[in-house]
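What follows is structure-v6.txt (compact mmCIF, C-alpha atoms).
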# COMPACT_ATOMS: atom_id res chain seq x y z
CA MET A 14 -6.65 -24.99 -22.66
CA LYS A 15 -4.00 -24.52 -19.99
CA HIS A 16 -4.66 -23.73 -16.34
CA CYS A 17 -2.98 -21.38 -13.86
CA ARG A 18 -3.04 -22.92 -10.39
CA ASN A 19 -2.13 -19.61 -8.75
CA CYS A 20 -4.86 -17.44 -10.37
CA LYS A 21 -7.38 -20.27 -10.87
CA VAL A 22 -8.04 -19.24 -14.47
CA ASN A 23 -7.93 -20.96 -17.85
CA VAL A 24 -5.43 -19.62 -20.37
CA ASN A 25 -4.95 -20.10 -24.09
CA ASN A 26 -2.88 -23.12 -25.13
CA ARG A 27 -0.36 -20.98 -26.99
CA LEU A 28 0.86 -19.23 -23.81
CA GLU A 29 3.60 -20.65 -21.62
CA ASN A 30 3.13 -18.29 -18.67
CA CYS A 31 0.08 -16.81 -17.02
CA PRO A 32 -0.54 -13.25 -18.29
CA LEU A 33 -1.69 -12.22 -14.78
CA CYS A 34 0.97 -13.57 -12.44
CA GLY A 35 3.63 -14.98 -14.74
CA SER A 36 3.48 -18.48 -13.31
CA PHE A 37 4.08 -21.51 -15.49
CA LEU A 38 0.87 -23.01 -16.84
CA GLU A 39 -0.25 -26.57 -16.37
CA GLU A 40 -1.45 -28.76 -19.17
CA GLY A 41 -4.96 -30.19 -19.27
CA ILE A 42 -8.38 -28.96 -18.33
CA ASP A 43 -11.83 -30.44 -18.13
CA ALA A 44 -13.55 -31.66 -21.26
CA GLU A 45 -16.26 -29.03 -21.04
CA SER A 46 -13.75 -26.22 -21.54
CA ASP A 47 -12.14 -28.09 -24.42
CA ILE A 48 -15.52 -28.48 -26.09
CA THR A 49 -16.26 -24.79 -25.56
CA GLN A 50 -12.94 -23.85 -27.15
CA SER A 51 -13.53 -26.15 -30.11
CA LYS A 52 -16.90 -24.50 -30.79
CA ILE A 53 -15.47 -21.01 -31.04
CA THR A 54 -15.86 -19.67 -34.58
CA TYR A 55 -14.36 -16.61 -36.15
CA PRO A 56 -15.92 -14.44 -38.87
CA PRO A 57 -14.36 -14.83 -42.31
CA LEU A 58 -11.71 -12.31 -43.19
CA ALA A 59 -12.86 -10.10 -46.04
CA VAL A 60 -9.93 -8.59 -47.92
CA GLU A 61 -10.89 -5.49 -49.85
CA SER A 62 -9.70 -5.68 -53.41
CA LYS A 63 -8.32 -2.68 -55.24
CA ASN A 64 -10.62 -3.54 -58.12
CA ASN A 65 -13.70 -2.85 -56.01
CA LYS A 66 -13.56 0.89 -56.47
CA ASN A 67 -16.44 3.23 -56.66
CA PHE A 68 -17.78 3.51 -60.21
CA LEU A 69 -17.50 7.30 -60.27
CA GLN A 70 -13.99 7.24 -58.86
CA LYS A 71 -12.95 4.66 -61.45
CA ASN A 72 -14.38 6.56 -64.41
CA LEU A 73 -13.88 10.16 -63.33
CA LEU A 74 -10.56 10.75 -65.08
CA PRO A 75 -11.62 9.17 -68.43
CA PHE A 76 -14.82 11.23 -68.31
CA PHE A 77 -12.89 14.47 -67.83
CA LEU A 78 -10.38 13.54 -70.54
CA VAL A 79 -13.10 12.73 -73.06
CA THR A 80 -15.01 15.90 -72.19
CA GLY A 81 -11.89 18.01 -72.61
CA ALA A 82 -11.02 16.39 -75.94
CA VAL A 83 -14.56 16.95 -77.26
CA CYS A 84 -14.44 20.63 -76.23
CA ILE A 85 -11.08 21.14 -77.95
CA ALA A 86 -12.36 19.49 -81.12
CA ILE A 87 -15.51 21.62 -81.19
CA ASN A 88 -13.52 24.79 -80.50
CA TRP A 89 -11.04 23.93 -83.26
CA ILE A 90 -13.74 23.08 -85.82
CA ILE A 91 -16.03 26.06 -85.21
CA TYR A 92 -13.48 28.62 -84.02
CA ASN A 93 -15.22 31.94 -83.45
CA GLY A 94 -12.34 34.02 -82.17
CA THR A 95 -12.20 32.73 -78.61
CA LEU A 96 -10.35 29.86 -76.93
CA TRP A 97 -13.24 28.89 -74.67
CA SER A 98 -12.10 25.26 -74.58
CA GLY A 99 -9.04 26.35 -72.59
CA TYR A 100 -11.26 27.59 -69.77
CA VAL A 101 -13.17 24.32 -69.85
CA LEU A 102 -9.95 22.29 -69.55
CA ILE A 103 -8.79 24.35 -66.58
CA GLY A 104 -12.16 23.90 -64.90
CA LEU A 105 -12.05 20.14 -65.48
CA PHE A 106 -8.50 20.00 -64.09
CA GLY A 107 -9.45 21.87 -60.92
CA GLY A 108 -12.67 19.92 -60.54
CA TYR A 109 -10.93 16.57 -60.85
CA PHE A 110 -8.44 17.31 -58.10
CA ALA A 111 -11.12 18.88 -55.93
CA VAL A 112 -13.28 15.75 -56.13
CA MET A 113 -10.47 13.22 -55.84
CA ASN A 114 -8.65 14.85 -52.94
CA SER A 115 -11.55 16.09 -50.85
CA VAL A 116 -14.09 13.30 -51.37
CA TYR A 117 -12.33 10.09 -52.32
CA ARG A 118 -8.79 10.38 -50.99
CA ARG A 119 -9.96 12.29 -47.91
CA ARG A 120 -6.65 14.01 -47.35
CA ARG A 121 -5.95 15.57 -43.99
CA LEU A 122 -6.17 19.29 -43.44
CA TYR A 123 -2.41 19.94 -43.54
CA SER A 124 -2.18 18.22 -46.92
CA MET A 125 -5.27 19.97 -48.28
CA LEU A 126 -3.80 23.39 -47.47
CA GLY A 127 -0.63 22.90 -49.49
CA LEU A 128 -2.32 21.03 -52.32
CA SER A 129 -5.09 23.61 -52.66
CA GLY A 130 -2.46 26.33 -52.99
CA LEU A 131 -0.70 24.42 -55.76
CA ILE A 132 -3.86 23.51 -57.72
CA SER A 133 -5.35 27.00 -57.31
CA SER A 134 -2.15 28.63 -58.55
CA ILE A 135 -2.01 26.36 -61.60
CA CYS A 136 -5.65 27.06 -62.45
CA VAL A 137 -5.31 30.83 -62.05
CA LEU A 138 -2.12 30.91 -64.13
CA GLY A 139 -3.80 28.75 -66.79
CA ILE A 140 -6.78 31.09 -67.00
CA ASP A 141 -4.43 34.07 -67.34
CA ILE A 142 -2.46 32.32 -70.11
CA VAL A 143 -5.62 31.43 -72.06
CA HIS A 144 -6.92 34.99 -71.68
CA SER A 145 -3.61 36.44 -72.90
CA LEU A 146 -3.58 34.14 -75.94
CA ASP A 147 -7.21 34.97 -76.59
CA VAL A 148 -6.77 38.77 -76.46
CA TYR A 149 -3.16 39.43 -77.48
CA GLY A 150 -2.23 36.25 -79.33
CA ASN A 151 0.86 35.81 -77.11
CA LEU A 152 1.86 35.63 -73.43
CA SER A 153 2.44 39.36 -73.02
CA GLY A 154 -0.77 39.71 -71.03
CA VAL A 155 0.18 37.20 -68.36
CA ALA A 156 0.56 39.58 -65.45
CA LEU A 157 -2.53 39.71 -63.27
CA SER A 158 -2.21 36.18 -61.89
CA ILE A 159 1.50 36.45 -61.14
CA GLU A 160 1.29 39.95 -59.70
CA TYR A 161 -1.83 39.71 -57.54
CA VAL A 162 -3.98 36.56 -57.58
CA ILE A 163 -1.41 33.78 -56.99
CA PRO A 164 0.49 35.77 -54.32
CA GLY A 165 -2.83 36.52 -52.61
CA ILE A 166 -3.79 32.82 -52.55
CA LEU A 167 -0.40 31.67 -51.27
CA ILE A 168 -0.02 34.34 -48.61
CA GLY A 169 -3.51 33.49 -47.36
CA ILE A 170 -2.64 29.78 -47.09
CA ILE A 171 0.61 30.59 -45.27
CA ILE A 172 -1.20 32.77 -42.74
CA VAL A 173 -3.88 30.10 -42.17
CA THR A 174 -1.17 27.48 -41.67
CA ASP A 175 0.61 29.75 -39.19
CA ILE A 176 -2.63 30.08 -37.23
CA PHE A 177 -3.10 26.31 -37.10
CA ILE A 178 0.49 25.87 -35.92
CA PHE A 179 0.04 28.30 -33.03
CA ALA A 180 -3.39 26.91 -32.17
CA ASN A 181 -2.22 23.27 -32.10
CA LYS A 182 1.22 23.49 -30.54
CA SER A 183 0.84 20.29 -28.52
CA LYS A 184 -0.74 18.26 -31.33
CA TYR A 185 1.12 16.47 -34.06
CA LYS A 186 -0.58 17.60 -37.29
CA TYR A 187 2.21 17.99 -39.91
CA PHE A 188 1.44 21.69 -40.32
CA PHE A 189 5.15 22.52 -40.34
CA VAL A 190 5.64 20.31 -43.39
CA SER A 191 2.73 22.03 -45.12
CA LEU A 192 4.10 25.46 -44.22
CA PHE A 193 7.54 24.56 -45.56
CA LEU A 194 6.21 23.25 -48.89
CA THR A 195 3.80 26.19 -49.32
CA SER A 196 6.61 28.66 -48.56
CA ILE A 197 8.78 27.07 -51.25
CA LEU A 198 5.87 27.31 -53.68
CA ALA A 199 5.43 30.98 -52.74
CA LEU A 200 9.02 31.70 -53.84
CA LEU A 201 8.40 30.51 -57.40
CA PRO A 202 6.45 33.54 -58.75
CA GLN A 203 9.33 35.90 -57.99
CA PHE A 204 11.86 33.46 -59.48
CA PHE A 205 9.58 33.26 -62.53
CA ILE A 206 9.67 37.04 -62.88
CA TRP A 207 13.47 37.16 -62.55
CA ALA A 208 13.95 34.29 -65.00
CA LEU A 209 11.75 35.86 -67.70
CA GLN A 210 12.98 39.39 -66.90
CA LEU A 211 9.46 40.76 -66.55
CA ASN A 212 10.43 44.25 -65.45
CA GLN A 213 7.59 46.18 -67.08
CA LEU A 214 5.57 46.02 -63.83
CA THR A 215 6.53 46.61 -60.22
CA TYR A 216 5.25 43.25 -58.88
CA TRP A 217 5.36 44.64 -55.33
CA PHE A 218 2.90 42.04 -54.04
CA THR A 219 4.96 39.16 -55.46
CA PHE A 220 8.13 40.67 -54.02
CA SER A 221 6.45 41.03 -50.61
CA LEU A 222 5.31 37.41 -50.74
CA PHE A 223 8.88 36.35 -51.55
CA PHE A 224 10.31 37.92 -48.40
CA PHE A 225 7.32 36.89 -46.29
CA SER A 226 7.92 33.26 -47.29
CA LEU A 227 11.62 33.50 -46.48
CA LEU A 228 10.78 35.02 -43.10
CA ASN A 229 8.33 32.21 -42.35
CA MET A 230 10.89 29.52 -43.17
CA LEU A 231 13.54 31.32 -41.10
CA VAL A 232 11.26 31.51 -38.06
CA MET A 233 10.23 27.89 -38.52
CA VAL A 234 13.80 26.61 -38.73
CA THR A 235 15.08 28.67 -35.79
CA ALA A 236 12.16 28.66 -33.33
CA TYR A 237 10.65 25.24 -34.11
CA ARG A 238 13.67 23.35 -35.40
CA LYS A 239 13.11 20.25 -33.26
CA THR A 240 9.40 19.95 -34.11
CA PHE A 241 10.03 20.57 -37.80
CA LYS A 242 12.78 17.93 -37.89
CA GLN A 243 10.53 15.36 -36.21
CA GLU A 244 7.70 16.05 -38.65
CA MET A 245 9.99 15.74 -41.67
CA LEU A 246 11.43 12.45 -40.37
CA ARG A 247 8.01 10.96 -39.70
CA LYS A 248 6.33 12.27 -42.82
CA PHE A 249 8.97 11.20 -45.34
CA ASN A 250 10.39 8.24 -43.34
CA LEU A 251 13.89 9.73 -43.34
Could you quickly redo this structure as structure tokens?
Amino acid sequence: MKHCRNCKVNVNNRLENCPLCGSFLEEGIDAESDITQSKITYPPLAVESKNNKNFLQKNLLPFFLVTGAVCIAINWIIYNGTLWSGYVLIGLFGGYFAVMNSVYRRRRLYSMLGLSGLISSICVLGIDIVHSLDVYGNLSGVALSIEYVIPGILIGIIIVTDIFIFANKSKYKYFFVSLFLTSILALLPQFFIWALQLNQLTYWFTFSLFFFSLLNMLVMVTAYRKTFKQEMLRKFNL
């Protein structure tokens, strides 16, 4: 060990200057200190391997895939006029992401808000598609999810995100990124209606969500442009 004559303290051999006063260190110290330093032991470094995953986490996806395949096979073999296996697949899809993202990946709240909106919208649309195929034999009955349910889910998530933004102005939580991504997702139902020319219904709720999302993004870009830019740079390493 080295010694600082000014501070009267012993300093690690790797340092050239005293961390307290900045003075140059002198070589050599009594044997007792050298013996003490030589007896210092450090705990072994345990590096966690990616192979040491939880058993359930490791086998969750194969379990869901096998379960879904078995349900499809049973439904196809003993078809009784209903596509019940489609509902099972949608439930397995939503359950997988719910378990993986909330329990194992432990995503933060801002990420959970946007992801829950995406997964919920996919599940609701899937249920509506299966129901339409089950009842009408085509996609003509796909209306309820696009007109009411999905817009209701997305507008609720946008409002909750707005509340978190106003309640945590001084805290860096990435809620602007979540709001931006959710607002883009909220524009898709109306684009879907225009692309497929679904004019048989009014879709007033979807149209309201479309303009509400545009208004949110406009306010975000104009009023919180600096904060939004910082979040985007930090989140995506731009």
Checklist outcome for this item: Atom pair atom CA of A:Asp175 + atom CA of A:Glu244, distance 15.4 Å
Item to check | Long-range neighbours of A:Tyr187 as a list in words, 12 Å cut-off, all atoms listed in the file, 5 positions minimum in chain | outcome: Arg121, Leu122, Tyr123, Ser124, Met125, Leu126, Gly127, Thr174, Asp175, Phe177, Ile178, Asn181, Lys182, Leu192, Phe193, Leu194, Thr240, Phe241, Lys242, Gln243, Glu244, Met245, Leu246, Arg247, Lys248 and Phe249 of chain A
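Separating atom CA of A:Pro75 from atom CA of A:Ile91 is a distance of 24.2 Å.
In this model, the gap between atom CA of A:Val162 and atom CA of A:Ser196 comes to 16.0 Å.
Remark: for A:Tyr92, the closest of the candidate residues A:Lys21, A:Glu160, A:Asp147, A:Cys136 is A:Asp147 (distances computed over only C-alpha atoms).
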Next on the checklist: Show me the residues close to (-13.4, 20.2, -75.3) - anything with an atom within 12 Å, counting all atoms listed in the file - and format the list as a PyMOL selection string.
Outcome noted: chain A and resi 76-91+96-105
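Proximity of A:Phe106, A:Phe205, A:Phe225, A:Phe220 to A:Ile140, computed with only C-alpha atoms, is greatest for A:Phe106.
Minimum atom-to-atom distance to A:Arg27, evaluated using only C-alpha atoms, belongs to A:Met14 out of A:Met14, A:Leu231, A:Leu74, A:Ile176.
Proximity to A:Ile206 was assessed for A:Phe37, A:Phe188, A:Phe223, A:Tyr237 counting all atoms listed in the file; the smallest distance is recorded for A:Phe223.
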Next on the checklist: So that I can check the surroundings of A:Phe204, please list as a ChimeraX atom specification every protein, DNA and RNA residue that reaches within 12 Å of it, counting all atoms listed in the file and ignoring chain neighbours fewer than 2 positions away.
Outcome noted: /A:159,197-202,206-211,216,219-220,222-223
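With all atoms listed in the file as the atoms that count, the residue of A:Leu146, A:Lys15, A:Ser134, A:Phe179 with the shortest distance to A:Gly94 is A:Leu146.
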Can you tell me, as AutoDock Vina command-line options, the centre and edge lengths (Å, one decimal) of the axis-aligned box enclosing all of stretch 162-180 of chain A's listed atoms after padding each side by 6 Å?
--center_x -1.7 --center_y 31.2 --center_z -44.9 --size_x 16.6 --size_y 22.7 --size_z 37.4
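Around A:Leu152, within 10 Å and counting all atoms listed in the file, the residues found are Asp141, Ile142, Val143, His144, Ser145, Leu146, Asp147, Val148 and Ala156 of chain A, once anything fewer than 4 positions away on its own chain is removed.
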